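As provided, target_21.cif (mmCIF, C-alpha atoms and all ligand atoms) reads as follows.
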```
data_coords
#
loop_
_atom_site.label_atom_id
_atom_site.label_comp_id
_atom_site.auth_asym_id
_atom_site.auth_seq_id
_atom_site.Cartn_x
_atom_site.Cartn_y
_atom_site.Cartn_z
CA MET A 142 137.77 65.30 127.46
CA HIS A 143 135.16 63.42 125.39
CA ASP A 144 135.11 63.52 121.61
CA LEU A 145 131.39 64.22 121.53
CA ILE A 146 128.70 65.20 124.00
CA ILE A 147 125.10 64.80 122.91
CA ILE A 148 122.59 66.81 124.91
CA GLY A 149 119.25 65.00 124.91
CA GLY A 150 118.44 61.30 124.83
CA GLY A 151 115.32 61.26 122.65
CA PRO A 152 115.17 59.69 119.17
CA ALA A 153 117.53 62.29 117.61
CA GLY A 154 120.11 62.16 120.41
CA LEU A 155 120.19 58.37 120.72
CA THR A 156 120.42 57.87 116.95
CA ALA A 157 123.33 60.32 116.86
CA ALA A 158 124.95 58.39 119.73
CA ILE A 159 124.52 54.99 118.02
CA TYR A 160 126.19 56.36 114.87
CA ALA A 161 128.93 58.12 116.85
CA VAL A 162 130.02 55.04 118.81
CA ARG A 163 130.09 53.05 115.59
CA TYR A 164 132.57 55.68 114.29
CA GLY A 165 134.67 55.02 117.37
CA LEU A 166 133.97 58.37 119.01
CA ASP A 167 134.14 58.64 122.79
CA THR A 168 130.53 59.77 123.21
CA LEU A 169 128.53 60.84 126.25
CA VAL A 170 124.77 61.48 126.22
CA LEU A 171 123.43 63.89 128.84
CA GLU A 172 119.68 63.56 129.44
CA LYS A 173 117.63 65.14 132.19
CA ASN A 174 114.79 62.61 132.27
CA VAL A 175 114.97 58.90 133.03
CA ILE A 176 112.41 58.32 130.26
CA PRO A 177 113.20 60.96 127.63
CA GLY A 178 111.55 62.04 124.42
CA GLN A 179 108.21 63.76 123.83
CA ILE A 180 107.28 60.69 121.80
CA SER A 181 107.22 58.55 124.96
CA THR A 182 103.91 60.26 125.86
CA ALA A 183 102.30 59.21 122.56
CA ASP A 184 99.63 56.57 122.92
CA LYS A 185 100.28 55.10 119.48
CA VAL A 186 102.88 55.78 116.78
CA GLU A 187 101.65 54.58 113.39
CA ASN A 188 104.03 56.35 111.01
CA TYR A 189 107.46 55.09 112.03
CA PRO A 190 108.47 52.59 109.33
CA GLY A 191 108.90 49.04 110.51
CA PHE A 192 106.23 49.37 113.20
CA SER A 193 102.63 49.52 111.94
CA SER A 194 101.55 50.50 115.45
CA ILE A 195 103.66 50.85 118.59
CA SER A 196 103.26 52.87 121.79
CA GLY A 197 105.56 55.87 122.12
CA MET A 198 106.91 54.49 125.39
CA GLU A 199 107.80 51.13 123.81
CA LEU A 200 109.44 52.79 120.80
CA MET A 201 111.52 55.00 123.11
CA GLN A 202 112.52 51.97 125.20
CA ASN A 203 113.62 50.23 121.97
CA PHE A 204 115.83 53.23 121.12
CA LYS A 205 117.35 53.15 124.59
CA ASP A 206 117.98 49.38 124.54
CA HIS A 207 119.58 49.68 121.10
CA ALA A 208 121.82 52.56 122.22
CA GLU A 209 122.92 50.76 125.39
CA HIS A 210 123.58 47.59 123.38
CA ALA A 211 125.79 49.66 121.04
CA GLY A 212 127.79 50.88 124.05
CA VAL A 213 126.35 54.39 124.44
CA LYS A 214 126.96 55.98 127.86
CA ILE A 215 123.98 57.95 129.18
CA GLN A 216 124.21 60.21 132.22
CA VAL A 217 121.02 61.60 133.77
CA THR A 218 121.63 65.27 134.54
CA GLY A 219 120.25 68.69 133.68
CA VAL A 220 122.32 70.86 131.33
CA LYS A 221 122.54 74.52 132.33
CA THR A 222 124.70 76.01 129.60
CA VAL A 223 127.19 75.26 126.84
CA LYS A 224 130.38 77.34 126.68
CA ASP A 225 132.15 77.61 123.35
CA GLU A 226 135.90 77.83 123.93
CA GLY A 227 136.88 77.34 120.29
CA ASP A 228 138.20 73.81 119.81
CA ARG A 229 136.88 72.86 123.27
CA LYS A 230 133.20 72.95 124.30
CA VAL A 231 132.30 72.97 127.99
CA VAL A 232 128.89 71.71 129.11
CA VAL A 233 127.86 72.99 132.53
CA THR A 234 125.39 70.64 134.24
CA ASP A 235 123.74 70.09 137.64
CA ASP A 236 126.56 67.58 138.27
CA GLY A 237 129.56 69.63 137.21
CA GLU A 238 131.29 70.39 133.94
CA PHE A 239 131.95 68.07 130.99
CA GLU A 240 134.23 68.82 128.04
CA ALA A 241 134.16 67.67 124.43
CA LEU A 242 135.55 68.55 121.04
CA ALA A 243 132.03 68.74 119.60
CA ILE A 244 128.43 68.98 120.78
CA ILE A 245 125.15 67.79 119.31
CA VAL A 246 122.12 69.55 120.76
CA ALA A 247 119.11 67.21 120.58
CA THR A 248 117.03 68.68 123.35
CA GLY A 249 113.63 68.45 121.69
CA ALA A 250 110.67 70.67 122.39
CA ASN A 251 107.87 71.05 124.91
CA PRO A 252 104.16 71.71 124.41
CA ARG A 253 103.49 75.43 123.90
CA ARG A 254 101.36 77.23 126.49
CA LEU A 255 98.19 78.94 125.34
CA GLY A 256 99.03 81.91 127.57
CA VAL A 257 95.52 82.67 128.84
CA PRO A 258 94.36 83.52 132.38
CA GLY A 259 93.75 80.43 134.49
CA GLU A 260 96.07 78.15 132.49
CA ASP A 261 98.93 78.17 135.01
CA LYS A 262 96.72 78.23 138.09
CA LEU A 263 94.69 75.19 136.97
CA LEU A 264 97.61 73.18 135.52
CA THR A 265 97.11 69.51 136.59
CA LYS A 266 93.69 70.57 137.96
CA GLY A 267 91.92 70.15 134.65
CA VAL A 268 94.50 71.78 132.35
CA SER A 269 96.70 69.24 130.55
CA TYR A 270 98.97 68.90 127.52
CA CYS A 271 98.90 65.09 127.32
CA ALA A 272 95.84 62.85 126.92
CA THR A 273 97.90 59.69 127.32
CA CYS A 274 99.10 60.92 130.72
CA ASP A 275 95.94 62.55 132.09
CA GLY A 276 93.07 61.22 129.92
CA PRO A 277 92.16 58.38 132.32
CA PHE A 278 91.03 60.98 134.92
CA TYR A 279 88.18 62.07 132.62
CA GLY A 280 86.11 58.87 132.38
CA GLY A 281 82.50 59.86 131.62
CA LEU A 282 83.31 63.61 131.76
CA GLU A 283 83.32 66.36 129.12
CA VAL A 284 86.56 67.90 127.85
CA ILE A 285 87.75 70.34 125.24
CA VAL A 286 90.83 69.97 123.06
CA VAL A 287 92.42 73.18 121.75
CA GLY A 288 94.21 73.14 118.37
CA GLY A 289 93.79 71.66 114.92
CA GLY A 290 97.13 69.94 114.32
CA GLU A 291 98.18 66.26 114.54
CA SER A 292 98.65 66.43 118.30
CA ALA A 293 95.19 67.90 118.93
CA VAL A 294 93.38 65.41 116.72
CA THR A 295 95.40 62.39 117.89
CA ASP A 296 94.65 63.20 121.51
CA ALA A 297 91.01 64.08 120.81
CA LEU A 298 90.68 60.52 119.48
CA ILE A 299 92.31 59.07 122.62
CA LEU A 300 90.02 61.16 124.83
CA SER A 301 86.92 60.16 122.87
CA ASP A 302 87.39 56.58 124.12
CA ILE A 303 87.44 57.79 127.74
CA ALA A 304 85.41 60.99 128.08
CA SER A 305 81.68 61.16 127.36
CA LYS A 306 82.16 64.16 125.05
CA VAL A 307 85.11 65.86 123.36
CA TYR A 308 84.86 69.34 121.84
CA VAL A 309 87.73 70.34 119.54
CA VAL A 310 88.09 74.13 119.65
CA HIS A 311 90.02 75.41 116.63
CA ARG A 312 90.78 78.99 115.61
CA ARG A 313 90.03 78.32 111.93
CA ASP A 314 87.36 76.28 110.13
CA GLU A 315 89.80 73.71 108.76
CA LEU A 316 92.10 71.26 110.53
CA ARG A 317 95.85 71.16 109.98
CA ALA A 318 96.10 67.43 110.86
CA CYS A 319 96.52 64.83 108.09
CA SER A 320 93.36 63.66 106.32
CA LEU A 321 93.48 60.14 107.84
CA LEU A 322 93.29 61.57 111.37
CA GLN A 323 90.65 64.09 110.30
CA LYS A 324 88.43 61.31 108.94
CA ARG A 325 88.77 59.27 112.12
CA ALA A 326 87.81 62.29 114.22
CA PHE A 327 84.87 63.31 111.99
CA ASP A 328 83.59 59.73 112.19
CA LYS A 329 83.55 59.70 116.01
CA GLU A 330 80.08 60.36 117.35
CA ASN A 331 81.21 61.95 120.61
CA ILE A 332 83.68 64.42 119.03
CA SER A 333 82.26 67.82 118.02
CA PHE A 334 84.10 70.75 116.46
CA ILE A 335 83.81 74.37 117.53
CA TRP A 336 85.27 76.26 114.59
CA ASP A 337 86.68 79.79 114.34
CA THR A 338 86.99 79.95 118.08
CA VAL A 339 89.74 80.67 120.61
CA VAL A 340 89.91 80.16 124.36
CA GLN A 341 90.19 83.46 126.21
CA GLU A 342 90.17 82.27 129.81
CA ILE A 343 90.01 79.11 131.88
CA LYS A 344 87.90 79.44 135.03
CA GLY A 345 87.61 77.39 138.21
CA ASP A 346 88.48 77.53 141.92
CA GLU A 347 90.04 74.13 142.71
CA LEU A 348 89.39 72.48 139.34
CA VAL A 349 88.55 73.63 135.81
CA GLU A 350 84.85 74.52 135.67
CA GLN A 351 84.42 76.77 132.63
CA VAL A 352 86.15 78.17 129.60
CA VAL A 353 85.51 81.55 128.03
CA LEU A 354 85.38 81.24 124.24
CA LYS A 355 85.53 83.91 121.57
CA ASN A 356 84.34 83.48 118.01
CA THR A 357 87.05 84.96 115.80
CA LYS A 358 84.59 85.91 113.05
CA THR A 359 81.77 87.46 115.09
CA ASP A 360 83.70 88.40 118.28
CA GLU A 361 80.87 86.74 120.24
CA ILE A 362 81.94 85.66 123.74
CA THR A 363 80.44 82.55 125.34
CA GLU A 364 81.09 80.62 128.54
CA MET A 365 81.04 76.85 128.46
CA ASN A 366 80.96 74.43 131.40
CA ILE A 367 83.70 71.83 131.03
CA ASP A 368 85.61 69.30 133.17
CA GLY A 369 88.99 69.46 131.46
CA ILE A 370 90.97 71.27 128.78
CA PHE A 371 93.75 69.66 126.72
CA ILE A 372 95.98 72.15 124.89
CA TYR A 373 97.91 71.43 121.64
CA VAL A 374 98.92 74.71 120.02
CA GLY A 375 102.41 73.76 118.85
CA ILE A 376 105.78 73.17 120.43
CA ASP A 377 108.57 75.31 121.89
CA PRO A 378 112.19 74.17 121.57
CA ASN A 379 114.46 73.63 124.59
CA THR A 380 117.43 75.60 123.37
CA SER A 381 118.10 78.29 125.98
CA MET A 382 121.31 76.54 127.12
CA VAL A 383 123.15 77.19 123.87
CA ASP A 384 124.17 80.48 122.29
CA VAL A 385 123.87 79.90 118.53
CA GLU A 386 121.72 81.42 115.79
CA LYS A 387 118.04 80.62 116.36
CA THR A 388 114.68 81.54 114.85
CA ASP A 389 112.58 84.14 116.65
CA VAL A 390 110.86 81.35 118.63
CA GLY A 391 114.12 79.57 119.46
CA PHE A 392 114.59 76.75 116.92
CA ILE A 393 118.31 76.30 116.16
CA VAL A 394 119.28 77.25 112.61
CA THR A 395 121.54 74.65 110.95
CA ASP A 396 122.96 73.93 107.53
CA GLU A 397 122.32 70.63 105.71
CA LYS A 398 125.09 68.99 107.78
CA MET A 399 123.17 69.93 110.97
CA GLU A 400 125.92 72.35 111.95
CA SER A 401 124.80 75.48 113.81
CA SER A 402 126.26 78.97 113.42
CA VAL A 403 129.01 77.93 115.87
CA SER A 404 131.65 75.57 114.50
CA GLY A 405 131.56 72.22 116.33
CA ILE A 406 128.03 72.67 117.69
CA PHE A 407 125.43 70.65 115.81
CA ALA A 408 121.66 70.29 116.32
CA ALA A 409 119.20 67.50 115.54
CA GLY A 410 115.51 66.75 115.94
CA ASP A 411 112.66 68.89 117.27
CA CYS A 412 114.95 71.64 118.62
CA ARG A 413 116.16 72.43 115.07
CA ARG A 414 114.52 74.68 112.47
CA THR A 415 112.90 72.27 110.06
CA SER A 416 109.65 71.72 108.20
CA MET A 417 108.63 68.57 110.05
CA TRP A 418 108.86 67.41 113.65
CA GLN A 419 108.51 63.64 113.44
CA VAL A 420 110.40 60.71 114.92
CA VAL A 421 111.50 59.70 111.45
CA THR A 422 113.00 63.14 110.73
CA ALA A 423 114.57 63.30 114.19
CA VAL A 424 116.44 60.03 113.68
CA SER A 425 117.55 61.18 110.24
CA ASP A 426 118.85 64.45 111.71
CA GLY A 427 120.68 62.47 114.42
CA ALA A 428 122.49 60.29 111.89
CA VAL A 429 123.53 63.28 109.76
CA ALA A 430 124.67 65.25 112.83
CA ALA A 431 126.81 62.32 114.04
CA ILE A 432 128.51 61.92 110.65
CA SER A 433 129.17 65.66 110.46
CA ALA A 434 130.47 65.74 114.04
CA HIS A 435 132.78 62.83 113.19
CA GLU A 436 134.25 64.77 110.24
CA TYR A 437 134.66 67.85 112.46
CA ILE A 438 136.34 65.85 115.25
CA LEU A 439 138.81 64.17 112.86
CA ALA A 440 139.80 67.60 111.56
CA ALA A 441 140.06 69.03 115.09
CA ARG A 442 142.24 66.11 116.23
CA SER A 443 144.62 66.58 113.27
CA VAL A 444 145.12 70.24 114.22
CA ASN A 445 145.72 69.57 117.94
P1 LIG A 501 101.13 72.19 115.00
O1 LIG A 501 101.13 71.29 113.82
O2 LIG A 501 101.98 73.40 115.00
O3 LIG A 501 99.61 72.63 115.22
C1 LIG A 501 99.26 73.56 116.20
C2 LIG A 501 97.77 73.85 116.10
O4 LIG A 501 97.44 74.80 117.11
C3 LIG A 501 97.38 74.44 114.76
O5 LIG A 501 96.15 73.93 114.35
C4 LIG A 501 97.28 75.94 115.06
O6 LIG A 501 96.30 76.59 114.31
C5 LIG A 501 96.84 75.94 116.50
N1 LIG A 501 97.32 77.10 117.25
C6 LIG A 501 98.58 77.60 117.31
N2 LIG A 501 98.63 78.66 118.14
C7 LIG A 501 97.37 78.83 118.60
C8 LIG A 501 96.78 79.74 119.51
N3 LIG A 501 97.50 80.69 120.11
N4 LIG A 501 95.47 79.63 119.78
C9 LIG A 501 94.74 78.66 119.19
N5 LIG A 501 95.23 77.75 118.35
C10 LIG A 501 96.54 77.83 118.05
O7 LIG A 501 101.48 71.43 116.37
P2 LIG A 501 101.29 69.92 116.80
O8 LIG A 501 99.95 69.40 116.43
O9 LIG A 501 101.69 69.82 118.24
O10 LIG A 501 102.37 69.18 115.95
C11 LIG A 501 103.75 69.55 116.08
C12 LIG A 501 104.56 68.67 115.17
O11 LIG A 501 104.51 67.34 115.64
C13 LIG A 501 104.02 68.66 113.73
O12 LIG A 501 105.09 68.60 112.85
C14 LIG A 501 103.23 67.39 113.66
O13 LIG A 501 103.18 66.87 112.36
C15 LIG A 501 104.04 66.50 114.61
N6 LIG A 501 103.15 65.46 115.17
C16 LIG A 501 103.10 64.30 114.51
C17 LIG A 501 102.28 63.30 114.98
C18 LIG A 501 102.26 62.04 114.20
O14 LIG A 501 103.00 61.92 113.27
N7 LIG A 501 101.44 61.08 114.54
C19 LIG A 501 101.48 63.48 116.10
C20 LIG A 501 101.56 64.69 116.75
C21 LIG A 501 102.39 65.70 116.27
P3 LIG A 501 96.48 76.83 112.72
O15 LIG A 501 96.20 75.52 112.08
O16 LIG A 501 95.46 77.88 112.43
O17 LIG A 501 97.90 77.32 112.55
#
```
Rewrite the structure of this file - the entire thing - as structure tokens.
Amino acid sequence: MHDLIIIGGGPAGLTAAIYAVRYGLDTLVLEKNVIPGQISTADKVENYPGFSSISGMELMQNFKDHAEHAGVKIQVTGVKTVKDEGDRKVVVTDDGEFEALAIIVATGANPRRLGVPGEDKLLTKGVSYCATCDGPFYGGLEVIVVGGGESAVTDALILSDIASKVYVVHRRDELRACSLLQKRAFDKENISFIWDTVVQEIKGDELVEQVVLKNTKTDEITEMNIDGIFIYVGIDPNTSMVDVEKTDVGFIVTDEKMESSVSGIFAAGDCRRTSMWQVVTAVSDGAVAAISAHEYILAARSVN
């Protein structure tokens, strides 16, 4: 039996692991992807202190190198469920069962689907959630970006250097993204904004050809020819494997020590209910969760 199993090898999980091994805990990280972390798809990260500008992939590789240097063991496998058996937690994976005294869930979140007709059918055929991954296919073409948050504006800027024209379709008339990103986007000649508008349908046979738009103020419906649609309407947490208290959309509820409603199960990073989903807050959560898990494990050992 391990002292601690950390589910997820993104910034939160690897930070927790680095802290845990330094506390002498027998720690195993279970991660389903070889290159984990939503941040690894970010073209540039400019708000992680110590790095004025670094690619998400390079930052993630730095985390991994640091963790491996510290002696963290990482196993690539998919986690199906976590069973709480009191002072013993059992993690059921694609490669069998693993046991630990405590668990840290650091499973992150995935891009939220818009949920409109055509989105699933045309996924990878013009529908995307990642400009860094798919942007290069749109050289000289016209695309729309849906959303008004940091992700939408960041990726609209990436796309504006590749596509001939980028339309940002936002349901309100004001962006949610920080003012620095807003200014950069407003200054770009080939980015236009379509305010107070939602996408109702994505049309196309083999590839995306059109979107159906609805003005939320006038209810006017229009069809627009387009080559690609990039969707950024928030994130959904990957928390179905664990039975603890969650918000109505699935973020794990924790206390200030990152402990969930189940004793010995902690959560950190984007899968947790919090006010900010940033790399810097994920690593902070990871450190706190590791320290709290250490305290819990010491107490559990003294009882057993
Ligand atoms: P977000 O901040 O939740 O923004 C989602 C956007 O989508 C909002 O503008 C929202 O509109 C819109 N939206 C939501 N549901 C919609 C729907 N059904 N139809 C149309 N529009 C819809 O999500 P995010 O931009 O992915 O960011 C997630 C987190 O990651 C945030 O904490 C963000 O700060 C962080 N992030 C940070 C960076 C960075 O630091 N560089 C980069 C990317 C993301 P409303 O504004 O009307 O609610």
Using all atoms listed in the file - which residues lie no farther than 12 Å from the point (85.8, 63.4, 111.3) in the file's frame? Write them as a ChimeraX atom specification. /A:294-295,297-298,309,315-316,318-334
To check your reading of the model: which residues sit at most 9 Å from ligand LIG 501 (chain A) when counting all atoms listed in the file? Write the answer as a ChimeraX atom specification. /A:180,183,185-189,252-256,287-296,310-319,322,338-340,372-376,411,416-421
Write the selection just made, keeping C-alpha atoms, as a CSV table (one decimal), in the frame of the given file?
```csv
chain,number,residue,atom,x,y,z
A,180,ILE,CA,107.3,60.7,121.8
A,183,ALA,CA,102.3,59.2,122.6
A,185,LYS,CA,100.3,55.1,119.5
A,186,VAL,CA,102.9,55.8,116.8
A,187,GLU,CA,101.6,54.6,113.4
A,188,ASN,CA,104.0,56.4,111.0
A,189,TYR,CA,107.5,55.1,112.0
A,252,PRO,CA,104.2,71.7,124.4
A,253,ARG,CA,103.5,75.4,123.9
A,254,ARG,CA,101.4,77.2,126.5
A,255,LEU,CA,98.2,78.9,125.3
A,256,GLY,CA,99.0,81.9,127.6
A,287,VAL,CA,92.4,73.2,121.8
A,288,GLY,CA,94.2,73.1,118.4
A,289,GLY,CA,93.8,71.7,114.9
A,290,GLY,CA,97.1,69.9,114.3
A,291,GLU,CA,98.2,66.3,114.5
A,292,SER,CA,98.6,66.4,118.3
A,293,ALA,CA,95.2,67.9,118.9
A,294,VAL,CA,93.4,65.4,116.7
A,295,THR,CA,95.4,62.4,117.9
A,296,ASP,CA,94.6,63.2,121.5
A,310,VAL,CA,88.1,74.1,119.6
A,311,HIS,CA,90.0,75.4,116.6
A,312,ARG,CA,90.8,79.0,115.6
A,313,ARG,CA,90.0,78.3,111.9
A,314,ASP,CA,87.4,76.3,110.1
A,315,GLU,CA,89.8,73.7,108.8
A,316,LEU,CA,92.1,71.3,110.5
A,317,ARG,CA,95.8,71.2,110.0
A,318,ALA,CA,96.1,67.4,110.9
A,319,CYS,CA,96.5,64.8,108.1
A,322,LEU,CA,93.3,61.6,111.4
A,338,THR,CA,87.0,80.0,118.1
A,339,VAL,CA,89.7,80.7,120.6
A,340,VAL,CA,89.9,80.2,124.4
A,372,ILE,CA,96.0,72.2,124.9
A,373,TYR,CA,97.9,71.4,121.6
A,374,VAL,CA,98.9,74.7,120.0
A,375,GLY,CA,102.4,73.8,118.8
A,376,ILE,CA,105.8,73.2,120.4
A,411,ASP,CA,112.7,68.9,117.3
A,416,SER,CA,109.6,71.7,108.2
A,417,MET,CA,108.6,68.6,110.0
A,418,TRP,CA,108.9,67.4,113.6
A,419,GLN,CA,108.5,63.6,113.4
A,420,VAL,CA,110.4,60.7,114.9
A,421,VAL,CA,111.5,59.7,111.4
```
Please determine, counting only C-alpha atoms, which residue among A:Gln341, A:Lys387, A:Val307, A:Ala250 has the shortest atom-to-atom distance to A:Ala423. A:Ala250
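The space between atom CA of A:Ser305 and atom CA of A:Cys274 spans 17.7 Å.
Straight-line separation from atom CA of A:Lys262 to atom CA of A:Lys173: 25.4 Å.
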Write out as a PyMOL selection string the residues lying within 7 Å of A:Ile146, counting only C-alpha atoms and excluding same-chain residues fewer than 5 positions away. chain A and resi 168-170+241+243-245
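Coordinates place atom CA of A:Ala158 at a distance of 7.1 Å from atom CA of A:Ala208.
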Proximity to A:Gly427 - best of A:Val217, A:Phe204, A:Ala157, A:Val268, only C-alpha atoms: A:Ala157
Quick one: residues within 8 Å of A:Val353, only C-alpha atoms counted, chain neighbours fewer than 5 positions away excluded, as an MDAnalysis selection string? chainID A and resid 340:344 362:365
Considering all atoms listed in the file, return as a PyMOL selection string whatever protein or nucleic-acid residues lie within 9 Å of A:Leu348, sequence-local ones (same chain, fewer than 2 positions apart) excluded. chain A and resi 263+265-268+344-346+350+368-369
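Shortest separation to A:Ile432 among A:Pro152, A:Val390, A:Ile159, A:Asn203 occurs at residue A:Ile159, atoms counted being only C-alpha atoms.
Counting only C-alpha atoms and comparing A:Leu166, A:Met198, A:Ile335, A:Val286, the residue that lies closest to A:Lys355 is A:Ile335.
Across A:Gly165, A:Gly237, A:Gly249, A:Pro190, the tightest approach to A:Gly212 is made by A:Gly165 when counting only C-alpha atoms.
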